Amino acid sequence: MTYRTFIVVGATVLSLAGFSTAQAANLKTYLDNKAAFLADTGAASATGVLPDAGRVLDVSIDPLGSYTLGSVTFALTVGSDNVAVGASGLAIPDWYPEGAPDGLNDIALGFERMQVSTSGPVYAFGFDFIEPDTTIPSWGGTPEESTYELLLFDGPALVGQVQFLGTDTPNDVNTFLGVWSDTAFDRVLINDLSGNDDDEYFGEFYTGTAAYVFSGITGCVQVNGAPLVGAKVQKMQNGPLQKTTTDAAGCYGFSAVSGKKFKVQIQGPVIP
Ligand SMILES: [Ca+2]
Ligand SMILES: [Ca+2]
Ligand SMILES: [Ca+2]
Ligand SMILES: [Ca+2]
């Protein structure tokens with residue numbers, strides 16, 4: 001391994017042979033802070049108050065089906081099996097004993113994986129959420145800490161991804177997960193990475209169209225088309241050296257960049 005040096009000026013990256021780079025979305029995440037999300041982003045409810053619609057998506061009936069509520073459309077993805085909005089017509093009278101997350105109807109899934117598309121480009125996306133542990137209903141499966149991943153897409157292009165660790169999300173109380181991006185997106189894949197069908201419940205979804213303004217720098221690195229994962233990255237500028245590593249998508253980020261000229265070094269293999 002050797003250090004290949006990328007000179008970065010503003011958002012322009014001069015890449016070397018064998019390496020390619022891309023600008024990743026700069027993201028700000030919100031966990032258990034809905035008030036700040038709404039205040040910062042200007043987002044509003046996209047779904048409105050959830051209706052009591054019952055099972056709206058079922059892989060055994062129509063794997064390609066969709067369900068539109070307000071300005072968002074829900075669809076199944078690989079690994080999904082069903083989505084219910086409220087419990088009307090289903091054998092179980094209510095999903096969550098407390099009527100959470102908002103005291104009204106909630107959204108429940110078999111395996112917690114689905115796609116949520118927006119009616120146009122958005123920059124802010126979030127939802128009411130509850131992860132039951134001691135309060136899980138009898139039909140909710142065996143509770144465990146479930147880590148959630150949100151993949152933000154602009155059409156076919158993945159523009160950003162965030163994770164909310166199950167150990168970070170508070171249990172048994174109403175909470176909120178949200179993300180604010182400086183890059184527009186129009187659909188989000190929500191994945192419970194545990195692969196467990198233990199229930200988490202969703203409330204209203206919120207979207208906003210004001211872009212996040214980020215003062216730092218991020219980038220993604222590929223080597224011969226594959227993400228460069230776990231590579232050491234350091235940023236040199238006036239002040240202390242900042243270090244990080246690339247994530248599973250080959251992306252890295254530094255905050256608090258002052259001025260426009262700095263140098264980013266990424267450790268990667270020598271390309272023959
Ligand atoms: Ca869980
Ligand atoms: Ca949790
Ligand atoms: Ca789950
Ligand atoms: Ca479930």
# chains A, B, ... in the order shown; residues from 1 in each chain; ligands from 1
$ residues_near_ligand --ligand "ligand 2" --cutoff "8 Å" --atoms "only C-alpha atoms and all ligand atoms" --output "list in words"
Glu131, Pro132, Asp133, Glu144, Glu145, Ser146, Thr147, Leu165, Gly166, Thr167, Asp168, Thr169, Pro170 and Asn171 of chain A
$ write_last_selection --atoms "C-alpha atoms" --output "PDB file, in the first residue's frame"
ATOM      1  CA  GLU A 131     -38.326   0.592  18.429  1.00  0.00           C
ATOM      2  CA  PRO A 132     -40.092  -1.515  21.068  1.00  0.00           C
ATOM      3  CA  ASP A 133     -38.109  -3.639  23.477  1.00  0.00           C
ATOM      4  CA  GLU A 144     -33.340  -6.851  19.438  1.00  0.00           C
ATOM      5  CA  GLU A 145     -31.429  -3.675  18.735  1.00  0.00           C
ATOM      6  CA  SER A 146     -32.056  -3.033  15.041  1.00  0.00           C
ATOM      7  CA  THR A 147     -29.735  -0.858  12.977  1.00  0.00           C
ATOM      8  CA  LEU A 165     -27.444   2.136  15.146  1.00  0.00           C
ATOM      9  CA  GLY A 166     -30.010   0.146  17.075  1.00  0.00           C
ATOM     10  CA  THR A 167     -28.007   0.802  20.222  1.00  0.00           C
ATOM     11  CA  ASP A 168     -28.332   4.552  19.603  1.00  0.00           C
ATOM     12  CA  THR A 169     -32.075   4.672  18.983  1.00  0.00           C
ATOM     13  CA  PRO A 170     -33.998   4.942  22.248  1.00  0.00           C
ATOM     14  CA  ASN A 171     -36.325   1.998  22.885  1.00  0.00           C
TER      15      ASN A 171
END
$ residues_near_ligand --ligand "ligand 4" --cutoff "6 Å" --atoms "only C-alpha atoms and all ligand atoms" --output "PyMOL selection string"
chain A and resi 109-112+197-199
$ closest_residue --among "A:Gly253, A:Lys263, A:Val49, A:Ser71" --to "Leu241 (chain A)" --atoms "only C-alpha atoms"
A:Lys263
$ atom_distance --atom1 "CA of Val83 (chain A)" --atom2 "CA of Leu57 (chain A)"
5.0 Å
$ residues_around --residues "Ile61 (chain A)" --least-positions-apart "6" --cutoff "12 Å" --atoms "only C-alpha atoms" --output "list in words"
Arg55, Leu76, Asp81 and Asn82 of chain A
$ write_last_selection --atoms "C-alpha atoms" --output "tab-separated table (two decimals), in the first residue's frame"
chain	number	residue	atom	x	y	z
A	55	ARG	CA	-52.28	-4.09	4.54
A	76	LEU	CA	-41.67	-3.32	-1.55
A	81	ASP	CA	-42.86	-8.94	2.41
A	82	ASN	CA	-45.64	-6.59	3.45
$ closest_residue --among "A:Thr175, A:Gln161, A:Thr118, A:Ser194" --to "ligand 3" --atoms "only C-alpha atoms and all ligand atoms"
A:Ser194
$ select_by_dssp --residues "region 139-263 of chain A" --states "strand (DSSP E)" --output "VMD selection string"
chain A and resid 148 to 154 157 to 164 175 to 192 201 to 208 217 to 223 226 to 227 232 to 236 242 to 245 251 to 254 261 to 263
$ write_last_selection --atoms "C-alpha atoms" --output "CSV table (one decimal), in the first residue's frame"
chain,number,residue,atom,x,y,z
A,148,TYR,CA,-31.4,1.1,10.2
A,149,GLU,CA,-29.8,2.1,6.9
A,150,LEU,CA,-31.3,4.8,4.7
A,151,LEU,CA,-30.1,4.8,1.1
A,152,LEU,CA,-30.8,8.0,-0.8
A,153,PHE,CA,-31.2,7.8,-4.5
A,154,ASP,CA,-31.7,10.3,-7.3
A,157,ALA,CA,-28.0,7.0,-8.7
A,158,LEU,CA,-27.1,6.4,-5.0
A,159,VAL,CA,-26.3,9.9,-3.7
A,160,GLY,CA,-25.9,9.2,0.0
A,161,GLN,CA,-26.4,6.7,2.9
A,162,VAL,CA,-26.7,6.9,6.6
A,163,GLN,CA,-27.0,4.4,9.4
A,164,PHE,CA,-28.8,4.7,12.7
A,175,THR,CA,-38.5,9.0,18.4
A,176,PHE,CA,-37.5,10.3,15.0
A,177,LEU,CA,-35.0,9.5,12.3
A,178,GLY,CA,-34.1,12.1,9.7
A,179,VAL,CA,-31.5,13.2,7.2
A,180,TRP,CA,-30.8,16.5,5.4
A,181,SER,CA,-28.7,16.5,2.2
A,182,ASP,CA,-27.0,19.1,0.1
A,183,THR,CA,-27.8,16.8,-2.9
A,184,ALA,CA,-31.4,16.2,-4.1
A,185,PHE,CA,-32.9,12.8,-4.0
A,186,ASP,CA,-36.3,11.3,-4.9
A,187,ARG,CA,-36.4,7.9,-3.3
A,188,VAL,CA,-35.1,6.3,-0.1
A,189,LEU,CA,-34.6,2.6,0.6
A,190,ILE,CA,-35.2,1.9,4.3
A,191,ASN,CA,-33.4,-1.2,5.5
A,192,ASP,CA,-33.4,-2.9,8.9
A,201,TYR,CA,-43.2,1.0,13.8
A,202,PHE,CA,-43.3,4.1,11.7
A,203,GLY,CA,-45.5,7.2,11.9
A,204,GLU,CA,-45.8,10.2,9.6
A,205,PHE,CA,-43.1,10.9,7.0
A,206,TYR,CA,-41.7,14.4,6.4
A,207,THR,CA,-40.0,15.9,3.4
A,208,GLY,CA,-38.4,19.2,2.7
A,217,ILE,CA,-15.7,18.3,2.2
A,218,THR,CA,-16.6,14.7,1.3
A,219,GLY,CA,-15.7,12.4,-1.5
A,220,CYS,CA,-15.9,8.8,-2.7
A,221,VAL,CA,-13.1,6.8,-4.1
A,222,GLN,CA,-13.2,3.9,-6.4
A,223,VAL,CA,-10.3,1.7,-7.6
A,226,ALA,CA,-14.9,-0.9,-6.9
A,227,PRO,CA,-15.3,1.2,-3.8
A,232,LYS,CA,-6.9,5.8,5.5
A,233,VAL,CA,-7.7,9.4,4.5
A,234,GLN,CA,-6.0,12.5,5.8
A,235,LYS,CA,-6.7,16.2,5.2
A,236,MET,CA,-3.8,18.6,5.4
A,242,GLN,CA,-7.5,15.4,10.3
A,243,LYS,CA,-7.8,11.7,9.7
A,244,THR,CA,-10.6,9.3,8.8
A,245,THR,CA,-11.3,6.1,6.8
A,251,CYS,CA,-16.7,7.6,0.9
A,252,TYR,CA,-15.1,9.9,3.4
A,253,GLY,CA,-15.9,13.3,4.9
A,254,PHE,CA,-14.2,16.2,6.8
A,261,LYS,CA,-7.2,25.1,-0.8
A,262,PHE,CA,-6.3,22.0,1.0
A,263,LYS,CA,-4.8,18.6,0.3
$ residues_around --residues "Gly103 (chain A)" --least-positions-apart "3" --cutoff "12 Å" --atoms "only C-alpha atoms" --output "number ranges by chain"
A: 49-50, 86, 94-100, 106, 128-130, 173-174, 201-204
$ closest_residue --among "A:Val264, A:Ala231, A:Ala25, A:Ala75" --to "Val59 (chain A)" --atoms "only C-alpha atoms"
A:Ala75
$ atom_distance --atom1 "CA of Ser88 (chain A)" --atom2 "CA of Ile107 (chain A)"
11.7 Å
$ atom_distance --atom1 "CA of Gly250 (chain A)" --atom2 "CA of Tyr212 (chain A)"
21.9 Å
$ closest_residue --among "A:Asp58, A:Gly126, A:Gly120, A:Gly140" --to "Ala36 (chain A)" --atoms "only C-alpha atoms"
A:Gly126
$ closest_residue --among "A:Ala53, A:Ala35, A:Ala108, A:Leu228" --to "ligand 3" --atoms "only C-alpha atoms and all ligand atoms"
A:Ala108
$ closest_residue --among "A:Asp172, A:Glu200, A:Asp102, A:Asp247" --to "ligand 3" --atoms "only C-alpha atoms and all ligand atoms"
A:Glu200
